$ cat target_17.csv   # CSV, C-alpha atoms and all ligand atoms
chain,number,residue,atom,x,y,z
A,292,MET,CA,136.3,77.3,104.2
A,293,LEU,CA,136.4,80.3,101.8
A,294,GLN,CA,138.5,78.2,99.4
A,295,LYS,CA,136.0,75.4,99.5
A,296,ILE,CA,133.1,77.7,98.9
A,297,ARG,CA,134.9,79.3,95.9
A,298,THR,CA,135.6,75.9,94.4
A,299,LEU,CA,132.0,74.7,94.8
A,300,ALA,CA,130.6,78.0,93.5
A,301,ALA,CA,132.7,77.7,90.4
A,302,LYS,CA,131.8,74.0,90.0
A,303,TYR,CA,128.0,74.5,90.3
A,304,ALA,CA,127.8,77.9,88.4
A,305,PRO,CA,127.0,76.3,85.0
A,306,GLU,CA,124.1,74.2,86.6
A,307,PHE,CA,122.7,77.3,88.3
A,308,ILE,CA,122.9,79.4,85.2
A,309,GLU,CA,120.6,76.7,83.7
A,310,ILE,CA,118.4,77.1,86.7
A,311,ARG,CA,118.3,80.9,86.2
A,312,HIS,CA,117.3,80.3,82.6
A,313,HIS,CA,114.4,78.2,83.7
A,314,LEU,CA,113.2,80.8,86.2
A,315,HIS,CA,113.7,83.6,83.7
A,316,ALA,CA,111.7,81.8,81.1
A,317,HIS,CA,108.8,81.2,83.5
A,318,PRO,CA,108.3,84.4,85.4
A,319,GLU,CA,105.3,84.9,87.6
A,320,LEU,CA,103.7,88.1,89.0
A,321,SER,CA,103.7,89.1,92.6
A,322,TYR,CA,101.7,86.7,94.9
A,323,GLN,CA,101.2,84.3,92.0
A,324,GLU,CA,104.6,82.6,92.2
A,325,PHE,CA,103.1,79.1,92.3
A,326,GLU,CA,105.3,77.3,89.9
A,327,THR,CA,108.4,79.2,91.1
A,328,SER,CA,107.6,78.1,94.6
A,329,LYS,CA,107.1,74.5,93.5
A,330,PHE,CA,110.5,74.6,91.7
A,331,VAL,CA,112.3,76.0,94.8
A,332,GLN,CA,110.6,73.3,96.9
A,333,ALA,CA,111.8,70.6,94.5
A,334,LYS,CA,115.3,71.9,94.5
A,335,LEU,CA,115.5,71.9,98.3
A,336,LYS,CA,113.9,68.4,98.5
A,337,GLU,CA,116.6,67.2,96.1
A,338,GLN,CA,119.2,68.3,98.7
A,339,GLY,CA,117.3,67.0,101.7
A,340,ILE,CA,116.8,70.5,103.0
A,341,PRO,CA,113.7,70.8,105.2
A,342,PHE,CA,111.3,73.7,104.5
A,343,GLU,CA,107.9,75.1,105.3
A,344,ILE,CA,105.5,77.2,103.3
A,345,LYS,CA,104.4,80.7,104.5
A,346,ALA,CA,102.3,83.3,102.8
A,347,THR,CA,101.0,80.8,100.2
A,348,THR,CA,104.1,80.8,97.9
A,349,GLY,CA,106.9,81.6,100.3
A,350,VAL,CA,109.4,78.8,101.0
A,351,ILE,CA,111.4,78.9,104.2
A,352,GLY,CA,114.2,76.4,104.4
A,353,LEU,CA,116.5,75.6,107.3
A,354,ILE,CA,120.1,74.3,107.2
A,355,GLU,CA,121.7,73.3,110.5
A,356,GLY,CA,125.5,73.2,110.7
A,357,LYS,CA,127.4,72.2,113.8
A,358,ASN,CA,126.1,73.8,117.1
A,359,PRO,CA,122.9,74.9,115.4
A,360,GLY,CA,122.0,77.3,118.2
A,361,LYS,CA,125.4,79.1,118.1
A,362,ARG,CA,124.5,81.6,115.4
A,363,ILE,CA,121.3,81.9,113.4
A,364,VAL,CA,121.5,83.8,110.1
A,365,ALA,CA,118.7,84.5,107.6
A,366,LEU,CA,119.4,84.8,103.8
A,367,ARG,CA,116.6,86.3,101.7
A,368,ALA,CA,115.7,86.1,98.0
A,369,ASP,CA,112.6,87.5,96.3
A,370,MET,CA,110.9,85.5,93.6
A,371,ASP,CA,108.3,87.7,91.7
A,372,ALA,CA,108.5,89.2,88.3
A,373,LEU,CA,107.0,92.3,86.6
A,374,PRO,CA,104.2,93.0,84.1
A,375,ILE,CA,106.7,93.9,81.3
A,376,LYS,CA,106.9,92.4,77.9
A,377,GLU,CA,110.5,91.1,77.4
A,378,GLU,CA,112.4,92.4,74.4
A,379,ASN,CA,115.6,90.4,74.9
A,380,ASP,CA,116.4,87.9,72.1
A,381,VAL,CA,117.7,85.1,74.2
A,382,ILE,CA,117.0,81.3,74.3
A,383,TYR,CA,115.6,81.7,77.8
A,384,LYS,CA,113.3,84.6,76.9
A,385,SER,CA,110.1,84.8,79.0
A,386,LYS,CA,107.5,82.3,77.8
A,387,HIS,CA,104.8,84.2,79.8
A,388,GLU,CA,103.4,86.9,77.6
A,389,GLY,CA,103.7,90.3,79.2
A,390,VAL,CA,105.5,89.0,82.3
A,391,MET,CA,109.3,89.4,82.8
A,392,HIS,CA,112.0,89.0,85.4
A,393,ALA,CA,113.0,92.6,84.8
A,394,CYS,CA,114.3,93.2,88.3
A,395,GLY,CA,116.6,90.2,88.6
A,396,HIS,CA,114.6,88.3,91.2
A,397,ASP,CA,115.3,85.1,89.1
A,398,VAL,CA,118.9,85.8,89.8
A,399,HIS,CA,118.3,86.4,93.5
A,400,THR,CA,116.4,83.1,93.8
A,401,THR,CA,119.1,81.3,91.8
A,402,CYS,CA,121.9,82.6,94.1
A,403,LEU,CA,120.1,81.5,97.2
A,404,LEU,CA,119.4,78.1,95.8
A,405,GLY,CA,123.1,77.8,94.9
A,406,ALA,CA,124.2,79.0,98.4
A,407,ALA,CA,121.8,76.5,99.9
A,408,ARG,CA,123.4,73.6,98.0
A,409,ILE,CA,126.9,74.6,99.1
A,410,LEU,CA,125.9,75.3,102.8
A,411,ASN,CA,124.1,71.9,102.9
A,412,GLU,CA,127.1,70.1,101.4
A,413,LEU,CA,129.5,71.7,103.9
A,414,LYS,CA,127.2,71.6,106.9
A,415,ASN,CA,129.6,69.6,109.0
A,416,GLU,CA,132.2,72.3,108.5
A,417,TRP,CA,130.4,75.5,109.8
A,418,GLU,CA,128.6,76.4,112.9
A,419,GLY,CA,125.1,77.6,113.4
A,420,THR,CA,121.8,77.6,111.4
A,421,VAL,CA,120.9,79.3,108.2
A,422,LYS,CA,117.3,80.2,107.4
A,423,LEU,CA,116.6,80.5,103.7
A,424,ILE,CA,113.8,82.9,102.9
A,425,PHE,CA,112.3,82.6,99.4
A,426,GLN,CA,109.7,85.3,99.5
A,427,PRO,CA,106.7,86.3,97.3
A,428,GLY,CA,105.5,89.7,96.3
A,429,GLU,CA,108.4,92.1,96.6
A,430,GLU,CA,107.1,94.3,93.8
A,431,LYS,CA,103.7,95.0,95.1
A,432,ASN,CA,102.0,96.2,98.3
A,433,PRO,CA,101.7,95.0,101.0
A,434,GLY,CA,105.1,93.3,100.3
A,435,GLY,CA,105.8,89.6,100.8
A,436,ALA,CA,108.2,90.5,103.6
A,437,SER,CA,105.4,92.0,105.7
A,438,LEU,CA,103.2,88.9,105.2
A,439,LEU,CA,106.1,86.5,106.1
A,440,ILE,CA,106.9,88.5,109.2
A,441,LYS,CA,103.2,88.3,110.3
A,442,GLU,CA,103.4,84.5,109.8
A,443,GLY,CA,106.5,84.3,112.0
A,444,VAL,CA,109.4,84.0,109.6
A,445,LEU,CA,111.7,85.8,112.1
A,446,GLU,CA,110.8,83.4,114.9
A,447,ASN,CA,111.5,79.7,115.6
A,448,PRO,CA,114.4,79.9,115.3
A,449,GLU,CA,114.9,83.7,115.5
A,450,PRO,CA,117.7,84.9,113.3
A,451,SER,CA,120.1,87.5,114.7
A,452,CYS,CA,120.6,89.1,111.3
A,453,ILE,CA,119.4,89.0,107.7
A,454,PHE,CA,121.0,89.5,104.3
A,455,GLY,CA,119.6,90.3,100.9
A,456,LEU,CA,121.4,90.9,97.6
A,457,HIS,CA,120.1,92.8,94.6
A,458,VAL,CA,121.4,92.9,91.1
A,459,HIS,CA,122.9,96.3,90.2
A,460,PRO,CA,122.9,97.1,86.4
A,461,GLY,CA,125.2,100.0,86.9
A,462,LEU,CA,127.9,98.0,88.6
A,463,PRO,CA,130.3,95.9,86.6
A,464,VAL,CA,130.1,92.1,87.0
A,465,GLY,CA,132.6,90.7,89.6
A,466,LYS,CA,132.0,93.6,91.9
A,467,MET,CA,129.7,94.2,94.9
A,468,SER,CA,128.7,97.4,96.6
A,469,PHE,CA,127.7,98.3,100.2
A,470,ARG,CA,126.5,101.2,102.3
A,471,GLY,CA,125.7,101.5,106.0
A,472,GLY,CA,122.7,103.3,107.4
A,473,LYS,CA,119.9,104.7,105.3
A,474,VAL,CA,120.1,103.1,101.9
A,475,MET,CA,116.6,103.1,100.4
A,476,ALA,CA,113.4,105.1,100.9
A,477,SER,CA,110.0,104.4,102.2
A,478,ALA,CA,107.3,104.7,99.5
A,479,ASP,CA,103.8,105.9,100.3
A,480,GLU,CA,101.1,106.6,97.7
A,481,LEU,CA,98.9,109.7,97.6
A,482,TYR,CA,95.4,109.7,96.3
A,483,ILE,CA,93.6,113.0,96.4
A,484,THR,CA,90.1,114.0,95.1
A,485,ILE,CA,89.3,117.7,95.0
A,486,LYS,CA,85.6,118.4,94.7
A,487,GLY,CA,84.4,121.8,93.5
A,488,LYS,CA,81.3,122.9,91.6
A,489,GLY,CA,81.4,122.6,87.9
A,490,GLY,CA,79.6,124.9,85.4
A,491,HIS,CA,80.1,127.1,82.3
A,492,ALA,CA,83.7,128.2,82.0
A,493,ALA,CA,82.5,131.7,81.1
A,494,SER,CA,80.9,132.0,84.5
A,495,PRO,CA,83.7,131.1,87.0
A,496,HIS,CA,82.0,133.2,89.7
A,497,LEU,CA,79.2,130.7,89.8
A,498,CYS,CA,81.6,127.7,90.1
A,499,THR,CA,84.2,126.4,92.5
A,500,ASP,CA,87.0,125.5,90.1
A,501,PRO,CA,88.8,122.3,91.2
A,502,ILE,CA,91.4,122.7,88.5
A,503,LEU,CA,92.7,126.0,90.1
A,504,ILE,CA,92.5,124.5,93.6
A,505,ALA,CA,94.5,121.4,92.5
A,506,SER,CA,97.1,123.6,90.8
A,507,HIS,CA,97.6,125.6,94.0
A,508,LEU,CA,97.8,122.4,96.0
A,509,ILE,CA,100.4,120.8,93.8
A,510,ILE,CA,102.7,123.9,94.3
A,511,SER,CA,101.9,124.3,98.0
A,512,LEU,CA,102.8,120.7,98.7
A,513,GLN,CA,106.3,121.3,97.6
A,514,GLN,CA,106.7,123.6,100.6
A,515,ILE,CA,106.6,120.6,102.9
A,516,VAL,CA,109.8,119.3,101.3
A,517,SER,CA,111.5,122.7,100.9
A,518,ARG,CA,110.4,124.4,104.2
A,519,ASN,CA,109.4,121.8,106.7
A,520,ASN,CA,112.0,119.1,106.0
A,521,ASN,CA,115.6,119.3,107.1
A,522,PRO,CA,117.6,119.8,103.9
A,523,HIS,CA,120.0,117.0,105.0
A,524,ASN,CA,117.1,114.5,105.0
A,525,PRO,CA,116.3,113.0,101.6
A,526,THR,CA,112.7,113.4,100.7
A,527,VAL,CA,110.7,113.2,97.5
A,528,LEU,CA,107.1,114.4,97.0
A,529,SER,CA,105.9,114.0,93.4
A,530,ILE,CA,102.4,114.5,92.1
A,531,THR,CA,102.4,112.1,89.1
A,532,SER,CA,98.8,112.2,87.9
A,533,PHE,CA,96.4,115.1,87.4
A,534,GLN,CA,93.0,114.1,86.0
A,535,GLY,CA,90.1,116.4,85.5
A,536,GLY,CA,88.0,118.1,82.9
A,537,THR,CA,87.1,117.2,79.3
A,538,THR,CA,86.9,120.3,77.2
A,539,THR,CA,87.6,124.0,76.9
A,540,ASN,CA,84.3,125.6,78.0
A,541,VAL,CA,83.4,123.5,81.1
A,542,ILE,CA,84.7,123.7,84.6
A,543,PRO,CA,84.6,120.2,85.9
A,544,ASN,CA,83.1,119.1,89.3
A,545,GLU,CA,86.3,117.4,90.5
A,546,VAL,CA,89.9,116.7,89.9
A,547,LYS,CA,91.9,113.6,90.9
A,548,LEU,CA,95.6,113.7,91.8
A,549,LYS,CA,98.0,110.8,92.5
A,550,GLY,CA,101.5,111.0,93.7
A,551,THR,CA,104.3,109.4,95.7
A,552,PHE,CA,105.9,110.4,99.0
A,553,ARG,CA,109.4,109.0,99.7
A,554,ALA,CA,111.6,109.5,102.8
A,555,MET,CA,114.4,107.9,104.6
A,556,ASP,CA,113.5,108.8,108.2
A,557,GLU,CA,110.5,107.0,109.7
A,558,GLU,CA,109.7,109.7,112.2
A,559,TRP,CA,109.8,112.4,109.6
A,560,ARG,CA,107.8,110.2,107.2
A,561,PHE,CA,104.7,110.1,109.5
A,562,LYS,CA,105.1,113.8,110.5
A,563,ALA,CA,105.1,114.6,106.8
A,564,HIS,CA,101.9,112.7,106.3
A,565,ASP,CA,100.2,114.9,108.9
A,566,LEU,CA,101.6,118.0,107.3
A,567,ILE,CA,100.3,116.8,103.9
A,568,ARG,CA,96.9,116.1,105.3
A,569,LYS,CA,96.7,119.5,107.1
A,570,MET,CA,98.0,121.6,104.2
A,571,ALA,CA,95.8,119.9,101.6
A,572,THR,CA,92.6,120.1,103.8
A,573,ASP,CA,93.1,123.7,104.8
A,574,LEU,CA,94.1,124.9,101.4
A,575,VAL,CA,91.2,123.2,99.6
A,576,HIS,CA,88.7,124.4,102.2
A,577,SER,CA,90.0,128.0,102.0
A,578,MET,CA,89.3,127.9,98.3
A,579,GLY,CA,85.7,126.6,98.8
A,580,GLY,CA,86.3,123.0,97.8
A,581,GLU,CA,86.1,119.6,99.5
A,582,ILE,CA,88.7,117.0,99.7
A,583,ASP,CA,89.2,113.2,100.0
A,584,LEU,CA,92.7,112.3,100.8
A,585,LEU,CA,94.2,108.9,101.1
A,586,ILE,CA,97.8,108.2,102.0
A,587,ASP,CA,98.4,104.5,101.3
A,588,VAL,CA,101.3,103.6,103.5
A,589,GLY,CA,103.8,101.4,101.7
A,590,TYR,CA,107.2,99.9,102.4
A,591,PRO,CA,109.4,101.4,105.2
A,592,SER,CA,112.8,102.7,104.4
A,593,VAL,CA,115.7,100.2,104.3
A,594,TYR,CA,118.2,100.7,107.1
A,595,ASN,CA,121.5,98.8,106.9
A,596,HIS,CA,122.8,98.1,110.4
A,597,GLU,CA,126.2,99.9,110.5
A,598,THR,CA,128.3,97.2,112.2
A,599,LEU,CA,126.7,94.4,110.2
A,600,ASN,CA,127.3,96.3,107.0
A,601,GLU,CA,130.9,96.7,107.9
A,602,ALA,CA,131.3,93.0,108.7
A,603,THR,CA,129.5,92.0,105.5
A,604,ARG,CA,131.7,94.3,103.4
A,605,ARG,CA,134.8,92.7,104.9
A,606,LYS,CA,133.4,89.3,104.0
A,607,ALA,CA,133.0,90.5,100.4
A,608,GLU,CA,136.6,91.9,100.4
A,609,GLU,CA,137.8,88.5,101.6
A,610,PHE,CA,135.8,86.8,98.9
A,611,ILE,CA,136.3,89.0,95.8
A,612,GLY,CA,139.2,91.3,96.8
A,613,GLU,CA,139.1,94.8,98.2
A,614,LYS,CA,139.4,96.4,94.7
A,615,ASN,CA,136.1,94.8,93.7
A,616,VAL,CA,134.1,96.2,96.6
A,617,GLU,CA,132.6,99.6,96.4
A,618,GLU,CA,130.5,102.1,98.3
A,619,THR,CA,127.0,102.3,96.9
A,620,GLU,CA,124.9,105.4,96.6
A,621,PRO,CA,121.6,105.7,98.5
A,622,ARG,CA,118.5,105.6,96.4
A,623,MET,CA,114.9,106.8,96.7
A,624,GLY,CA,113.6,103.5,95.4
A,625,ALA,CA,111.8,101.2,97.8
A,626,GLU,CA,112.4,97.6,98.8
A,627,ASP,CA,110.3,95.5,101.1
A,628,PHE,CA,113.6,94.3,102.7
A,629,GLY,CA,112.9,97.4,104.9
A,630,TYR,CA,110.3,95.3,106.9
A,631,TYR,CA,113.0,92.9,107.9
A,632,SER,CA,115.6,95.6,108.7
A,633,GLN,CA,113.1,97.2,111.1
A,634,GLU,CA,112.9,94.0,113.1
A,635,ILE,CA,116.4,92.7,113.2
A,636,PRO,CA,119.8,94.0,112.0
A,637,GLY,CA,119.9,93.7,108.2
A,638,CYS,CA,122.3,94.3,105.3
A,639,PHE,CA,121.0,94.8,101.8
A,640,PHE,CA,123.8,94.9,99.2
A,641,ARG,CA,124.4,95.1,95.5
A,642,LEU,CA,125.7,92.5,93.1
A,643,GLY,CA,127.3,93.8,89.9
A,644,VAL,CA,125.8,92.4,86.7
A,645,MET,CA,126.8,95.0,84.1
A,646,ASN,CA,129.1,94.2,81.2
A,647,GLU,CA,129.6,97.1,78.8
A,648,LYS,CA,131.6,95.0,76.3
A,649,LYS,CA,128.8,92.6,76.0
A,650,GLY,CA,126.2,95.4,75.8
A,651,ILE,CA,124.6,94.4,79.1
A,652,ILE,CA,123.7,97.8,80.4
A,653,SER,CA,119.9,98.1,80.6
A,654,GLY,CA,118.4,99.2,83.8
A,655,VAL,CA,116.0,97.2,86.0
A,656,HIS,CA,112.3,97.4,85.2
A,657,THR,CA,113.1,97.8,81.4
A,658,PRO,CA,112.2,95.3,78.7
A,659,THR,CA,115.8,94.8,77.8
A,660,PHE,CA,117.2,94.2,81.3
A,661,ASN,CA,119.6,91.3,81.5
A,662,ILE,CA,122.8,90.3,83.4
A,663,ASP,CA,126.2,89.0,82.8
A,664,GLU,CA,125.7,85.5,84.1
A,665,ASN,CA,129.2,85.4,85.6
A,666,ALA,CA,127.5,87.3,88.4
A,667,ILE,CA,125.8,84.1,89.5
A,668,GLU,CA,128.9,82.4,90.7
A,669,THR,CA,129.8,85.5,92.7
A,670,GLY,CA,126.2,85.7,94.2
A,671,ILE,CA,126.1,82.0,95.1
A,672,GLY,CA,129.5,82.2,96.7
A,673,MET,CA,128.9,85.4,98.6
A,674,MET,CA,125.6,84.1,100.1
A,675,ALA,CA,127.2,80.8,101.1
A,676,TRP,CA,130.2,82.7,102.6
A,677,LEU,CA,127.9,84.9,104.7
A,678,GLY,CA,125.7,82.0,105.7
A,679,SER,CA,128.6,80.0,106.9
A,680,SER,CA,130.7,82.6,108.6
A,681,ILE,CA,129.2,86.0,109.3
A,682,GLU,CA,128.8,87.0,113.0
A,683,ILE,CA,127.2,90.1,114.3
A,684,LYS,CA,129.1,91.8,117.1
A,685,GLU,CA,127.7,94.9,118.7
B,701,NI,NI,114.0,94.1,92.8
$ encode --input "target_17.csv" --output "C-alpha cells"
Amino acid sequence: MLQKIRTLAAKYAPEFIEIRHHLHAHPELSYQEFETSKFVQAKLKEQGIPFEIKATTGVIGLIEGKNPGKRIVALRADMDALPIKEENDVIYKSKHEGVMHACGHDVHTTCLLGAARILNELKNEWEGTVKLIFQPGEEKNPGGASLLIKEGVLENPEPSCIFGLHVHPGLPVGKMSFRGGKVMASADELYITIKGKGGHAASPHLCTDPILIASHLIISLQQIVSRNNNPHNPTVLSITSFQGGTTTNVIPNEVKLKGTFRAMDEEWRFKAHDLIRKMATDLVHSMGGEIDLLIDVGYPSVYNHETLNEATRRKAEEFIGEKNVEETEPRMGAEDFGYYSQEIPGCFFRLGVMNEKKGIISGVHTPTFNIDENAIETGIGMMAWLGSSIEIKE
C-alpha cells in the first residue's frame, strides 16, 4: 500500500503543483472562500467523491473504502488567506490585490485534494472511511472549525480521530515534525477602557489620571503570569496597544488598552481570566477610575493526543524515513484545530517547506512567504497514507 501511495503521489505531484499555483493566485479572505470552495467541489466531483457544504464555504467529502464502518478518520485542510500584499515575483503571484496565501493554506488544500484522489483511486485496497474537511476561516474568530463542529462535521459518520498538517518554514523540505501533548496555545483578546477625569495637566489633584492608572495596570497584570501561574505552564500576557491623550498639557478622560492572553492549559486559562478581571477592576477602582473590560475568548489550545501522535509519527517514519522525522517545538501561536482536538483525538503536525539553497526561508504571515514545492508530494502522500492506514489504539 505504501509503495502504491508513493508511486501515485510522485505521479500526481506535477498536476497538484499546478493546482497549488491556481489556489495561490486566487486567494480569498476568511469566510469569503467562495471560489476556492467551488474549485474544491469541482475537483471532488471530477473524482466522483460525494460531498456536502457546511458553514457556507466548507466542503466535507467522504470516501468509503472496504468495510466503511471499520475505522473512520478525518483529514482537515484550511482554505483561507491573509490580508497581506504579496511581494514574491512568481508566475502564480496573487491576482487579488492585498490578499495572499501567506500561511500556506493553499498548500494544505492542495495536499488534501491530492490525498483524496489517491484514496479514491485505491478505495478497494484499504478499509474504513475517510472524511475530508476543507474548512473556512482558520485565520479569524470564531474559527471555521468551531462553525463546522456546530453544524455537525464530527457526526454522521463520527470520526475516531482527526489530522491536520501545517507548512513549517523553519523545517527543510522532505521532513516532517511532531509533538505529543500541548503543542499550541489558546488565544484570547483583551480590550480594556480605563475612565478617569481629564483636565489641565498642571492640576493633577483635580483630575483622575487614566494614563497613570493604565501604567500601573500594565505592570500589575504581569504578576498574574509571574506570581499566580505555575512556572512550568507556558503563558503569555502582552498589552499590545496603549491609546490615550493628545498633547502635553491635558490629562485625558480615558485610555484604551488592547492585548493578548495565551495559555496551554484550559483550566488555568479561565482561572487567569478571573484573575485578570479582579486585578484590573480592583486596581482601577483603588485609584479612583472606572473600567470596562472585555475578554474576547478565542481558539482553545491545540492538544495532540499522545498515543495518536506516536502512531502518526511512526507512519511518517515509514513514509519518509526516520532521519526525516523530527520533534517539533511547542508554540504560543493559535490554531483553530484546537476545537477539533477538544472533541476527538487529534494530531496536528508540520510539513517542512524550507529550502535555504533556493532562498526559500521566509516565515508565515510575511509578504515573501513561499514553499519548496517538492513538499507537495510529501504532503499528499502522508495524508493518503494516514487516511488509508492509521488506527487509534488506546
Ligand atoms: Ni495557518
$ residues_around --input "target_17.csv" --residues "His596 in chain A" --least-positions-apart "4" --cutoff "7 Å" --atoms "all atoms listed in the file" --output "ChimeraX atom specification"
/A:471-472,600,636-638
$ residues_near_ligand --input "target_17.csv" --ligand "ligand NI 701 (chain B)" --cutoff "8 Å" --atoms "only C-alpha atoms and all ligand atoms" --output "PyMOL selection string"
chain A and resi 369+394-396+429-430+457-458+626+655
$ residues_around --input "target_17.csv" --residues "Asp500 in chain A" --least-positions-apart "6" --cutoff "10 Å" --atoms "only C-alpha atoms" --output "PDB file with C-alpha atoms, keeping the file's coordinate frame"
ATOM      1  CA  ILE A 485      89.300 117.700  95.000  1.00  0.00           C
ATOM      2  CA  LYS A 486      85.600 118.400  94.700  1.00  0.00           C
ATOM      3  CA  GLY A 487      84.400 121.800  93.500  1.00  0.00           C
ATOM      4  CA  LYS A 488      81.300 122.900  91.600  1.00  0.00           C
ATOM      5  CA  GLY A 489      81.400 122.600  87.900  1.00  0.00           C
ATOM      6  CA  GLY A 490      79.600 124.900  85.400  1.00  0.00           C
ATOM      7  CA  ALA A 492      83.700 128.200  82.000  1.00  0.00           C
ATOM      8  CA  VAL A 541      83.400 123.500  81.100  1.00  0.00           C
ATOM      9  CA  ILE A 542      84.700 123.700  84.600  1.00  0.00           C
ATOM     10  CA  PRO A 543      84.600 120.200  85.900  1.00  0.00           C
ATOM     11  CA  ASN A 544      83.100 119.100  89.300  1.00  0.00           C
ATOM     12  CA  GLU A 545      86.300 117.400  90.500  1.00  0.00           C
ATOM     13  CA  VAL A 546      89.900 116.700  89.900  1.00  0.00           C
ATOM     14  CA  MET A 578      89.300 127.900  98.300  1.00  0.00           C
ATOM     15  CA  GLY A 579      85.700 126.600  98.800  1.00  0.00           C
ATOM     16  CA  GLY A 580      86.300 123.000  97.800  1.00  0.00           C
TER      17      GLY A 580
END
$ atom_distance --input "target_17.csv" --atom1 "CA of Gln534 in chain A" --atom2 "CA of Met570 in chain A"
20.3 Å
$ residues_near_point --input "target_17.csv" --point "(118.2, 98.9, 106.5)" --cutoff "10 Å" --atoms "all atoms listed in the file" --output "ChimeraX atom specification"
/A:470-476,555,591-597,600,626,628-639
